[in-house]
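Enquirer: Sharing a structure, written as structure tokens. Questions coming.
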Number of protein chains: 4
Amino acid sequence: MSSSLGKLFKVTSFGESHGRLIGIVIDGCPAGLEISQSDIQKELDKRKPAQTAASTSRKEDDKADILSGIMDDRTTGAPICLAVWNNDVKSADYEDTRHTLRPGHADFTSYIKYGGFGDYRGGGRFSGRITAGFVMAGAVARKLLENIGVDILAHTTEIGGISAQSMDFNEIKQNVDGNPLRCADTEAAVKMTAAIEAAGRQGDSLGGIIEGIALGLPVGLGEPVFDRIDGELAKALFAIPAVKGVEFGAGFNSARMKGSENNDPFGIENGKVITRSNNAGGVIGGISNGMPLVVRVAVKPTPSITVPQQTVDIKNTQETQLKIAGRHDVCIVPRAIAVVEAMMSLILCDFALQAGFIAETV
Amino acid sequence: MSSSLGKLFKVTSFGESHGRLIGIVIDGCPAGLEISQSDIQKELDKRKPAQTAASTSRKEDDKADILSGIMDDRTTGAPICLAVWNNDVKSADYEDTRHTLRPGHADFTSYIKYGGFGDYRGGGRFSGRITAGFVMAGAVARKLLENIGVDILAHTTEIGGISAQSMDFNEIKQNVDGNPLRCADTEAAVKMTAAIEAAGRQGDSLGGIIEGIALGLPVGLGEPVFDRIDGELAKALFAIPAVKGVEFGAGFNSARMKGSENNDPFGIENGKVITRSNNAGGVIGGISNGMPLVVRVAVKPTPSITVPQQTVDIKNTQETQLKIAGRHDVCIVPRAIAVVEAMMSLILCDFALQAGFIAETV
Amino acid sequence: MSSSLGKLFKVTSFGESHGRLIGIVIDGCPAGLEISQSDIQKELDKRKPAQTAASTSRKEDDKADILSGIMDDRTTGAPICLAVWNNDVKSADYEDTRHTLRPGHADFTSYIKYGGFGDYRGGGRFSGRITAGFVMAGAVARKLLENIGVDILAHTTEIGGISAQSMDFNEIKQNVDGNPLRCADTEAAVKMTAAIEAAGRQGDSLGGIIEGIALGLPVGLGEPVFDRIDGELAKALFAIPAVKGVEFGAGFNSARMKGSENNDPFGIENGKVITRSNNAGGVIGGISNGMPLVVRVAVKPTPSITVPQQTVDIKNTQETQLKIAGRHDVCIVPRAIAVVEAMMSLILCDFALQAGFIAETV
Amino acid sequence: MSSSLGKLFKVTSFGESHGRLIGIVIDGCPAGLEISQSDIQKELDKRKPAQTAASTSRKEDDKADILSGIMDDRTTGAPICLAVWNNDVKSADYEDTRHTLRPGHADFTSYIKYGGFGDYRGGGRFSGRITAGFVMAGAVARKLLENIGVDILAHTTEIGGISAQSMDFNEIKQNVDGNPLRCADTEAAVKMTAAIEAAGRQGDSLGGIIEGIALGLPVGLGEPVFDRIDGELAKALFAIPAVKGVEFGAGFNSARMKGSENNDPFGIENGKVITRSNNAGGVIGGISNGMPLVVRVAVKPTPSITVPQQTVDIKNTQETQLKIAGRHDVCIVPRAIAVVEAMMSLILCDFALQAGFIAETV
């Protein structure tokens with residue numbers, strides 16, 4: 001395990017899906033930041049299962065619990081430990097199938113790597129539930145970034161093959177909370193919802209694509225040649241279970257463009273150097289260029305489906321069939337949006353500290 | 001700058017395109033590994049401009065120079081410093097346009113971040129040339145991996161929108177050296193070559209997609225939840241200038257699949273647990289699962305084109321036009337293949353050390 | 001703040017003296033280690049104030065609480081979070097003198113560094129109480145080390161200028177628990193006790209010297225040239241509040257010896273290479289040599305004394321006098337012994353993992 | 001091996017005593033710093049064997065060679081690679097005794113750890129010669145610190161049991177260059193010289209104590225609880241071969257003081273908070289307090305002596321005698337002073353960057 005992320009703003013994750021709690025320690029948060037439990041809770045609530053066909057029926061009424069590092073609603077400079085305590089845990093659901101590998105899950109790799117000693121209950125350490133910790137830490141990072149004028153937003157651009165129309169940032173911002181799928185294109189959202197409901201009825205699941213945008217970044221975040229802003233963001237985004245691809249700006253599409261199409265011409269607006277297009281997605285040479293940072297992640301369909309699946313009993317090394325019970329999201333895309341925002345906040349905040357845009361005491 | 005990568009097998013890059021040398025230090029290489037200058041040179045030669053329309057006319061007759069850490073063709077356990085000395089440097093090419101930002105290059109971000117003090121000659125630290133160091137270090141990592149039965153191969157799957165047909169690993173391996181584009185599909189290679197030549201005649205450039213494959217990986221590489229094998233590979237691959245997207249297995253396509261299609265069913269073959277499909281691309285929960293590791297990277301078209309471009313003179317904050325002279329690859333995909341293999345070797349070797357599959361002395 | 005220590009066996013500390021808890025996360029502990037709450041409690045109890053004149057009257061009836069990473073008394077490979085919850089906290093003691101700098105404490109440096117936002121109650125993050133977390137983590141590391149035959153022991157060699165006679169390891173081990181000062185020389189312990197009582201009556205305090213010994217270390221722990229076993233141990237030991245010096249083997253005394261006296265001659269015993277003396281203290285070139293590792297730390301006298309002291313009111317930048325109330329140890333040496341053992345365990349365990357002497361699953 | 005030190009100002013060491021070069025890469029140096037070859041050479045020359053009985057007769061006419069990261073006498077923000085090329089290498093001296101362990105040297109530990117593959121010539125990677133790299137990197141760090149008003153000085157306080165009288169900083173600064181031993185007490189220096197000459201005649205060697213002082217440090221350097229200024233300095237100083245102890249301020253002597261003697265009373269001078277004494281040595285709670293930082297290191301006597309020694313032939317696991325030939329310093333203390341200053345510069349510079357006292361571009 002290697003459960004820490006970040007250099008100056010470092011988070012350390014702990015906890016399991018069906019253990020006592022999910023927790024996160026933030027080390028390196030500047031002292032003096034105003035932050036209350038409700039600032040953190042607000043982000044955590046975005047990760048909550050919506051009242052929709054898309055989401056798990058597990059009642060995750062998570063409350064952010066501040067265990068250290070914040071006194072009188074201000075950070076003290078000491079490590080901030082945040083937790084959500086696990087309730088409504090039905091571990092028995094997992095006992096029967098303890099050794100039956102769930103396709104698409106980390107059961108097999110975890111079993112081999114940890115010699116069968118890993119916590120298997122509900123995916124244990126590999127559960128999407130650990131992202132609750134990421135989201136709480138992200139709330140703190142977001143506050144620091146807001147103080148220097150950075151605005152972070154993620155939204156659904158595709159579910160089950162249905163794409164949202166492209167829009168500008170303000171439109172997205174206005175529309176994104178209008179439906180539980182967090183899709184700014186209302187019409188597409190209706191179709192996505194229908195697709196999710198259909199998949200749910202079949203005991204199946206859907207994936208999709210999330211786009212994250214950061215506005216107001218100063219020029220100069222990122223520490224090439226290895227600790228690039230794109231590389232570190234990609235690394236952080238792959239830590240969200242189910243992410244299978246990450247691209248910036250024109251991304252994979254840039255592979256099909258000519259240089260004369262893909263290069264973003266420079267210009268001057270209000271005395272500031274800008275680019276006339278943003279195929280780079282706000283990052284060039286691993287460094288932010290002041291344009292909107294645009295990243296997209298591919299989210300695979302939820303692996304937990306009730307359709308019967310061919311698999312293996314790892315204890316007896318025997319082929320078998322599995323029919324998953326339990327409560328699962330048909331499509332985790334809407335809930336993962338809060339996590340994408342959190343990972344972006346964590347990484348951008350760390351780079352802002354490294355480049356001196358955020359001071360040690362704020 | 002943050003020029004180190006890896007935890008136990010750590011590389012530190014230094015040098016500039018038009019400085020005295022390009023170098024790399026490998027720290028943490030086990031003692032006793034047999035490795036000669038020619039083992040390293042062999043990899044370096046793969047990065048050499050091919051005698052084709054695709055590549056720069058800069059004569060990069062790079063020779064790998066071993067400065068430390070290897071004695072009598074064996075590693076000593078001490079840091080290994082490898083260098084290529086820069087010759088055939090025409091810095092004067094860059095003097096006139098020193099302050100004219102080249103679109104698609106890091107000139108602007110570098111200028112702001114390093115206060116105008118950065119080495120601007122030929123892209124300086126941001127030049128693709130620094131990957132010569134990555135490739136030399138990758139040669140050492142590859143040797144260590146070969147010793148435990150890991151085979152790494154990258155190939156061109158797309159250039160200028162022309163896709164290669166999908167093939168199995170052995171076919172790819174047989175065909176990949178058959179043409180300078182390192183494309184296993186010979187017919188596609190012919191079309192790609194034509195497209196590159198056409199773009200070159202227009203003073204334009206092309207991008208493409210590279211697929212990297214690792215065979216023979218043990219189950220258990222990767223240190224979740226943050227130092228995952230996919231996350232670390234993505235981070236390393238984004239360090240290749242021009243990479244704009246990274247995906248594993250079905251990648252972005254998995255976002256359009258149903259769970260029942262995307263989940264890889266487990267089965268048993270020769271007493272070993274395998275999966276019947278490989279949409280996961282060999283990684284699940286951030287850990288290698290013993291199936292072929294498959295990663296694809298999107299390479300944007302070379303930003304240096306001779307087509308005139310709108311841009312800005314950063315010294316005078318004034319809009320201007322730029323017509324790039326100098327020698328440049330029309331399409332860097334074929335040369336980047338050696339770099340993709342190198343980055344994969346570096347990361348996989350590091351994880352193999354962390355998980356104890358490679359010992360401290362070999 | 002930078003609250004993490006270790007590379008493969010990494011601990012992250014959090015919590016404050018008068019906050020809700022003191023905690024520690026261990027990341028990188030191999031899966032499968034048998035460890036129970038009582039194993040951890042046993043070490044924590046060694047840190048408990050003894051029923052002696054030396055120790056604070058704060059009732060620290062600390063119970064180790066396992067929050068994650070251990071299931072059915074075995075480590076799972078996931079991060080282990082351990083906590084002690086703070087009770088019996090009298091923060092009001094500190095309210096009046098909140099801005100009156102306590103000489104010998106971190107009040108001033110903390111105030112400046114954290115802009116006055118730091119938790120001032122009982123020293124907050126700078127309190128010796130945070131070492132409770134170190135001790136709990138050390139208990140896990142010790143278990144791993146015991147499995148490979150390493151035995152760690154610390155004892156009091158000096159208090160208030162009174163030195164214990166030197167003894168061999170077995171004698172020390174037999175005697176060390178015979179008195180609350182953990183001094184193997186019973187006669188010296190009597191004198192030390194008297195000195196502590198006298199200092200206590202004067203409202204004053206005493207320091208001393210602790211020696212830590214590790215037996216059974218394999219040859220080869222330590223990663224020079226910077227991550228040496230002596231350097232990393234020193235760094236870890238300086239993290240114990242009040243430590244002002246660290247030396248190995250003959251230490252400062254070696255500065256007064258000749259080479260012919262100080263060099264440890266090699267010899268062979270039972271087919272194994274040993275040294276005939278141990279002035280090196282078991283470490284040479286930053287690497288363990290298989291002889292007993294011997295380290296000594298200087299512990300300054302407890303800064304909290306009731307004798308009136310000249311100081312400054314930092315809020316008004318005004319000179320003033322301070323008479324400290326509250327409950328404090330006259331001499332923390334006996335309690336710090338458990339912490340010295342813990343820090344040694346943490347560092348040696350990390351190196352044993354790095355050098356492959358402890359596997360990823362045990 | 002683990003050859004990197006520092007977090008934001010990170011150095012990576014490479015090279016061997018009898019290899020091609022000794023090198024160092026500095027990663028994270030701010031752009032725009034004025035620094036010339038002669039600035040670096042000046043520090044390197046301080047490490048040169050003086051024309052005295054104390055020093056080796058190997059002619060180390062080292063020239064600092066700038067390989068990257070500096071253009072037109074200014075740092076570019078890119079990694080700075082500095083090297084000295086090895087000449088005057090007499091490796092044959094070491095061939096006969098290749099397997100005869102030299103007492104006090106790392107031959108044995110190195111042999112076991114690196115499986116006999118280590119570079120044995122002149123101590124290889126464990127030679128004091130690698131500190132030439134530290135000193136060159138230190139020269140860059142020192143420049144950055146000078147820019148914020150920090151002054152670093154080390155001097156000899158003891159050799160062969162002969163102590164220098166204590167003096168104030170200015171006196172030390174004036175006197176320290178007055179004799180080749182870099183001892184500010186001229187009378188003591190005479191006696192030390194005699195002692196060194198006597199030891200040399202006997203084929204023996206002497207150790208000593210070096211004190212390092214940093215003036216002008218801002219309050220707030222150091223990142224507790226683990227990355228403390230004292231802990232990191234100690235770790236860095238133990239990387240100097242032959243260092244066996246490190247203490248701050250009153251150090252080991254504080255263990256014999258009472259709290260009322262050891263606590264430094266706070267006062268106000270010129271509107272600034274100061275302490276009336278400096279037993280803390282400028283560091284409290286792991287953070288600089290604005291008073292002079294004072295650290296002392298114990299240097300053991302040079303292990304290479306011509307007196308015959310009992311030892312072991314490691315190849316045949318047989319006891320034998322060794323009579324060392326070759327050229328060696330009788331006492332390395334005077335040459336180690338430049339290295340102590342370098343290590344202090346490196347660590348303090350890193351902390352100044354972390355705490356924002358030095359900007360990314362200077």
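So you can find residues: chains in the structure tokens are A, B, ... in the order shown, residues in each start at 1, and ligands are numbered from 1 in order.
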Near C:Gly267, within 10 Å and counting only C-alpha atoms, which residues show up once chain neighbours fewer than 4 positions away are dropped, as a PyMOL selection string?
Expert: (chain C and resi 271-277) or (chain D and resi 310-313+317-320)
Enquirer: Per residue of chain C within 9 Å of chain A, which atom pair is closest and at what distance in Å (one decimal), using only C-alpha atoms, listed by chain and increasing number, as JSON lines?
Expert:
```
{"residue": "C:Met1", "atom": "CA", "partner": "A:Gly28", "partner_atom": "CA", "distance": 5.2}
{"residue": "C:Ser2", "atom": "CA", "partner": "A:Asp27", "partner_atom": "CA", "distance": 6.3}
{"residue": "C:Ser3", "atom": "CA", "partner": "A:Asp27", "partner_atom": "CA", "distance": 6.5}
{"residue": "C:Ser4", "atom": "CA", "partner": "A:Asp27", "partner_atom": "CA", "distance": 8.4}
{"residue": "C:Leu8", "atom": "CA", "partner": "A:Ser2", "partner_atom": "CA", "distance": 8.1}
{"residue": "C:Lys10", "atom": "CA", "partner": "A:Ser2", "partner_atom": "CA", "distance": 8.7}
{"residue": "C:Thr12", "atom": "CA", "partner": "A:Thr12", "partner_atom": "CA", "distance": 7.6}
{"residue": "C:Ser13", "atom": "CA", "partner": "A:Pro79", "partner_atom": "CA", "distance": 7.7}
{"residue": "C:Phe14", "atom": "CA", "partner": "A:Pro79", "partner_atom": "CA", "distance": 5.4}
{"residue": "C:Gly15", "atom": "CA", "partner": "A:Ser68", "partner_atom": "CA", "distance": 5.2}
{"residue": "C:Glu16", "atom": "CA", "partner": "A:Ser68", "partner_atom": "CA", "distance": 7.0}
{"residue": "C:Gly19", "atom": "CA", "partner": "A:Ser68", "partner_atom": "CA", "distance": 6.5}
{"residue": "C:Arg20", "atom": "CA", "partner": "A:Leu67", "partner_atom": "CA", "distance": 6.1}
{"residue": "C:Leu21", "atom": "CA", "partner": "A:Leu67", "partner_atom": "CA", "distance": 7.0}
{"residue": "C:Ile22", "atom": "CA", "partner": "A:Ser68", "partner_atom": "CA", "distance": 8.5}
{"residue": "C:Gly23", "atom": "CA", "partner": "A:Cys81", "partner_atom": "CA", "distance": 8.9}
{"residue": "C:Val25", "atom": "CA", "partner": "A:Phe14", "partner_atom": "CA", "distance": 7.5}
{"residue": "C:Asp27", "atom": "CA", "partner": "A:Ser2", "partner_atom": "CA", "distance": 6.3}
{"residue": "C:Gly28", "atom": "CA", "partner": "A:Met1", "partner_atom": "CA", "distance": 5.3}
{"residue": "C:Cys29", "atom": "CA", "partner": "A:Met1", "partner_atom": "CA", "distance": 8.0}
{"residue": "C:Pro30", "atom": "CA", "partner": "A:Tyr114", "partner_atom": "CA", "distance": 7.8}
{"residue": "C:Ala31", "atom": "CA", "partner": "A:Tyr114", "partner_atom": "CA", "distance": 5.5}
{"residue": "C:Gly32", "atom": "CA", "partner": "A:Phe117", "partner_atom": "CA", "distance": 5.6}
{"residue": "C:Leu67", "atom": "CA", "partner": "A:Arg20", "partner_atom": "CA", "distance": 6.1}
{"residue": "C:Ser68", "atom": "CA", "partner": "A:Gly15", "partner_atom": "CA", "distance": 5.2}
{"residue": "C:Gly69", "atom": "CA", "partner": "A:Gly15", "partner_atom": "CA", "distance": 7.0}
{"residue": "C:Ile70", "atom": "CA", "partner": "A:Asp119", "partner_atom": "CA", "distance": 8.6}
{"residue": "C:Met71", "atom": "CA", "partner": "A:Asp119", "partner_atom": "CA", "distance": 7.1}
{"residue": "C:Arg74", "atom": "CA", "partner": "A:Phe117", "partner_atom": "CA", "distance": 7.5}
{"residue": "C:Thr75", "atom": "CA", "partner": "A:Phe117", "partner_atom": "CA", "distance": 7.2}
{"residue": "C:Thr76", "atom": "CA", "partner": "A:Gly118", "partner_atom": "CA", "distance": 4.3}
{"residue": "C:Gly77", "atom": "CA", "partner": "A:Tyr114", "partner_atom": "CA", "distance": 6.1}
{"residue": "C:Ala78", "atom": "CA", "partner": "A:Met1", "partner_atom": "CA", "distance": 6.2}
{"residue": "C:Pro79", "atom": "CA", "partner": "A:Phe14", "partner_atom": "CA", "distance": 5.4}
{"residue": "C:Ile80", "atom": "CA", "partner": "A:Phe14", "partner_atom": "CA", "distance": 7.2}
{"residue": "C:Cys81", "atom": "CA", "partner": "A:Phe14", "partner_atom": "CA", "distance": 6.9}
{"residue": "C:Lys113", "atom": "CA", "partner": "A:Thr361", "partner_atom": "CA", "distance": 7.7}
{"residue": "C:Tyr114", "atom": "CA", "partner": "A:Ala31", "partner_atom": "CA", "distance": 5.5}
{"residue": "C:Gly115", "atom": "CA", "partner": "A:Thr361", "partner_atom": "CA", "distance": 6.3}
{"residue": "C:Gly116", "atom": "CA", "partner": "A:Gly32", "partner_atom": "CA", "distance": 8.3}
{"residue": "C:Phe117", "atom": "CA", "partner": "A:Thr76", "partner_atom": "CA", "distance": 5.0}
{"residue": "C:Gly118", "atom": "CA", "partner": "A:Thr76", "partner_atom": "CA", "distance": 4.4}
{"residue": "C:Asp119", "atom": "CA", "partner": "A:Thr76", "partner_atom": "CA", "distance": 6.0}
{"residue": "C:Gly124", "atom": "CA", "partner": "A:Ala78", "partner_atom": "CA", "distance": 8.9}
{"residue": "C:Arg125", "atom": "CA", "partner": "A:Ala78", "partner_atom": "CA", "distance": 6.6}
{"residue": "C:Glu360", "atom": "CA", "partner": "A:Tyr114", "partner_atom": "CA", "distance": 7.7}
{"residue": "C:Thr361", "atom": "CA", "partner": "A:Tyr114", "partner_atom": "CA", "distance": 6.0}
{"residue": "C:Val362", "atom": "CA", "partner": "A:Gly115", "partner_atom": "CA", "distance": 8.5}
```
Enquirer: Show which residues sit within 12 Å of A:Ser166, as a list in words. Count only C-alpha atoms, and ignore same-chain residues fewer than 2 positions away.
Expert: His155, Thr156, Thr157, Glu158, Ser163, Ala164, Asp168, Phe169, Asn170, Glu171, Ile172, Cys183, Ala184, Asp185, Thr186, Ala188 and Glu211 of chain A
Enquirer: Quick one: write out the picked residues with N, CA and C atoms as a short mmCIF file (atom, residue, chain, number, x, y, z; two decimals), in the first residue's frame?
Expert:
```
data_model
loop_
_atom_site.label_atom_id
_atom_site.label_comp_id
_atom_site.auth_asym_id
_atom_site.auth_seq_id
_atom_site.Cartn_x
_atom_site.Cartn_y
_atom_site.Cartn_z
N HIS A 155 -18.27 17.93 -14.52
CA HIS A 155 -19.63 17.64 -14.98
C HIS A 155 -19.61 16.41 -15.87
N THR A 156 -20.79 15.83 -16.05
CA THR A 156 -20.93 14.63 -16.86
C THR A 156 -21.01 15.02 -18.34
N THR A 157 -20.13 14.44 -19.15
CA THR A 157 -20.23 14.73 -20.59
C THR A 157 -20.72 13.53 -21.37
N GLU A 158 -20.73 12.37 -20.75
CA GLU A 158 -21.18 11.18 -21.48
C GLU A 158 -21.57 10.10 -20.48
N SER A 163 -23.80 11.47 -25.42
CA SER A 163 -22.92 12.61 -25.14
C SER A 163 -23.72 13.87 -24.86
N ALA A 164 -23.20 14.68 -23.98
CA ALA A 164 -23.75 16.02 -23.76
C ALA A 164 -23.17 16.95 -24.81
N ASP A 168 -20.12 26.47 -22.92
CA ASP A 168 -19.05 27.22 -22.26
C ASP A 168 -19.17 27.10 -20.75
N PHE A 169 -18.12 27.52 -20.06
CA PHE A 169 -18.02 27.29 -18.63
C PHE A 169 -19.22 27.82 -17.84
N ASN A 170 -19.65 29.03 -18.17
CA ASN A 170 -20.73 29.62 -17.38
C ASN A 170 -22.03 28.86 -17.53
N GLU A 171 -22.30 28.44 -18.75
CA GLU A 171 -23.50 27.64 -18.98
C GLU A 171 -23.45 26.34 -18.19
N ILE A 172 -22.31 25.71 -18.23
CA ILE A 172 -22.15 24.46 -17.49
C ILE A 172 -22.41 24.71 -16.02
N CYS A 183 -25.26 16.71 -15.33
CA CYS A 183 -25.00 16.89 -16.76
C CYS A 183 -25.61 18.23 -17.17
N ALA A 184 -24.78 19.11 -17.73
CA ALA A 184 -25.25 20.46 -18.04
C ALA A 184 -26.22 20.49 -19.22
N ASP A 185 -26.19 19.46 -20.03
CA ASP A 185 -27.11 19.38 -21.18
C ASP A 185 -28.38 18.65 -20.72
N THR A 186 -29.42 19.41 -20.50
CA THR A 186 -30.63 18.87 -19.88
C THR A 186 -31.27 17.77 -20.73
N ALA A 188 -29.79 15.79 -22.94
CA ALA A 188 -28.97 14.58 -22.87
C ALA A 188 -29.19 13.88 -21.54
N GLU A 211 -15.83 15.50 -17.26
CA GLU A 211 -14.87 16.55 -17.61
C GLU A 211 -14.67 17.45 -16.38
#
```
Enquirer: Here is a test: counting only C-alpha atoms, which residue of D:Phe248, D:Leu353, D:Lys48, D:Leu144 is nearest to D:Asp329?
Expert: D:Lys48
Enquirer: Do a neighbour search on stretch 250-262 of chain D at 7 Å with only C-alpha atoms, toss out local chain neighbours closer than 4 positions, and write the hits as a ChimeraX atom specification.
Expert: /C:160-161,204-209,244-245,298-303,305 /D:279-281
Enquirer: Rounded to one decimal in Å, what is the spacing between atom CA of B:Lys143 and atom CA of B:Ala342?
Expert: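 Going from atom CA of B:Lys143 over to atom CA of B:Ala342, I get 11.1 Å.
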Enquirer: Please provide as a PyMOL selection string all residues within 6 Å of stretch 221-236 of chain D, with the sequence filter that same-chain residues fewer than 3 positions apart are discarded (counting only C-alpha atoms).
Expert: (chain C and resi 1-3+231-232+235+238-239) or (chain D and resi 239+286-288+343+351)
Enquirer: Write the residues you've just listed into a file as a PDB file, in the first residue's frame, and include N, CA and C atoms for each of them.
Expert:
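Below is the file out39.pdb, written as the result:
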```pdb
ATOM      1  N   MET C   1       4.172  21.917   8.560  1.00  0.00           N
ATOM      2  CA  MET C   1       4.226  20.607   9.212  1.00  0.00           C
ATOM      3  C   MET C   1       4.646  19.560   8.186  1.00  0.00           C
ATOM      4  N   SER C   2       5.330  18.599   8.652  1.00  0.00           N
ATOM      5  CA  SER C   2       5.692  17.484   7.799  1.00  0.00           C
ATOM      6  C   SER C   2       5.723  16.273   8.716  1.00  0.00           C
ATOM      7  N   SER C   3       4.653  15.561   8.697  1.00  0.00           N
ATOM      8  CA  SER C   3       4.345  14.624   9.769  1.00  0.00           C
ATOM      9  C   SER C   3       4.477  13.171   9.364  1.00  0.00           C
ATOM     10  N   GLY C 231      22.034   8.223  10.043  1.00  0.00           N
ATOM     11  CA  GLY C 231      21.373   9.486   9.732  1.00  0.00           C
ATOM     12  C   GLY C 231      19.872   9.420   9.938  1.00  0.00           C
ATOM     13  N   GLU C 232      19.258   8.355   9.477  1.00  0.00           N
ATOM     14  CA  GLU C 232      17.805   8.235   9.618  1.00  0.00           C
ATOM     15  C   GLU C 232      17.405   8.026  11.077  1.00  0.00           C
ATOM     16  N   LYS C 235      17.667  11.419  12.745  1.00  0.00           N
ATOM     17  CA  LYS C 235      16.514  12.244  12.393  1.00  0.00           C
ATOM     18  C   LYS C 235      15.284  11.822  13.189  1.00  0.00           C
ATOM     19  N   PHE C 238      15.629  12.795  16.929  1.00  0.00           N
ATOM     20  CA  PHE C 238      15.439  14.227  17.187  1.00  0.00           C
ATOM     21  C   PHE C 238      13.955  14.618  17.151  1.00  0.00           C
ATOM     22  N   ALA C 239      13.112  13.741  16.634  1.00  0.00           N
ATOM     23  CA  ALA C 239      11.680  14.020  16.643  1.00  0.00           C
ATOM     24  C   ALA C 239      11.062  13.829  18.027  1.00  0.00           C
TER      25      ALA C 239
ATOM     26  N   ALA D 239      25.866  12.100   6.930  1.00  0.00           N
ATOM     27  CA  ALA D 239      26.274  11.660   5.591  1.00  0.00           C
ATOM     28  C   ALA D 239      27.732  11.984   5.301  1.00  0.00           C
ATOM     29  N   GLY D 286      11.976  21.961  16.782  1.00  0.00           N
ATOM     30  CA  GLY D 286      12.349  21.601  15.411  1.00  0.00           C
ATOM     31  C   GLY D 286      12.336  22.775  14.461  1.00  0.00           C
ATOM     32  N   ILE D 287      12.169  23.988  15.002  1.00  0.00           N
ATOM     33  CA  ILE D 287      12.019  25.201  14.196  1.00  0.00           C
ATOM     34  C   ILE D 287      13.079  26.208  14.616  1.00  0.00           C
ATOM     35  N   SER D 288      13.646  26.920  13.645  1.00  0.00           N
ATOM     36  CA  SER D 288      14.627  27.954  13.978  1.00  0.00           C
ATOM     37  C   SER D 288      13.948  29.068  14.768  1.00  0.00           C
ATOM     38  N   MET D 343      26.703  20.976   4.064  1.00  0.00           N
ATOM     39  CA  MET D 343      25.499  20.266   4.479  1.00  0.00           C
ATOM     40  C   MET D 343      24.533  21.230   5.160  1.00  0.00           C
ATOM     41  N   PHE D 351      14.876  24.314   3.594  1.00  0.00           N
ATOM     42  CA  PHE D 351      13.829  24.777   4.510  1.00  0.00           C
ATOM     43  C   PHE D 351      13.391  26.212   4.192  1.00  0.00           C
TER      44      PHE D 351
END
```
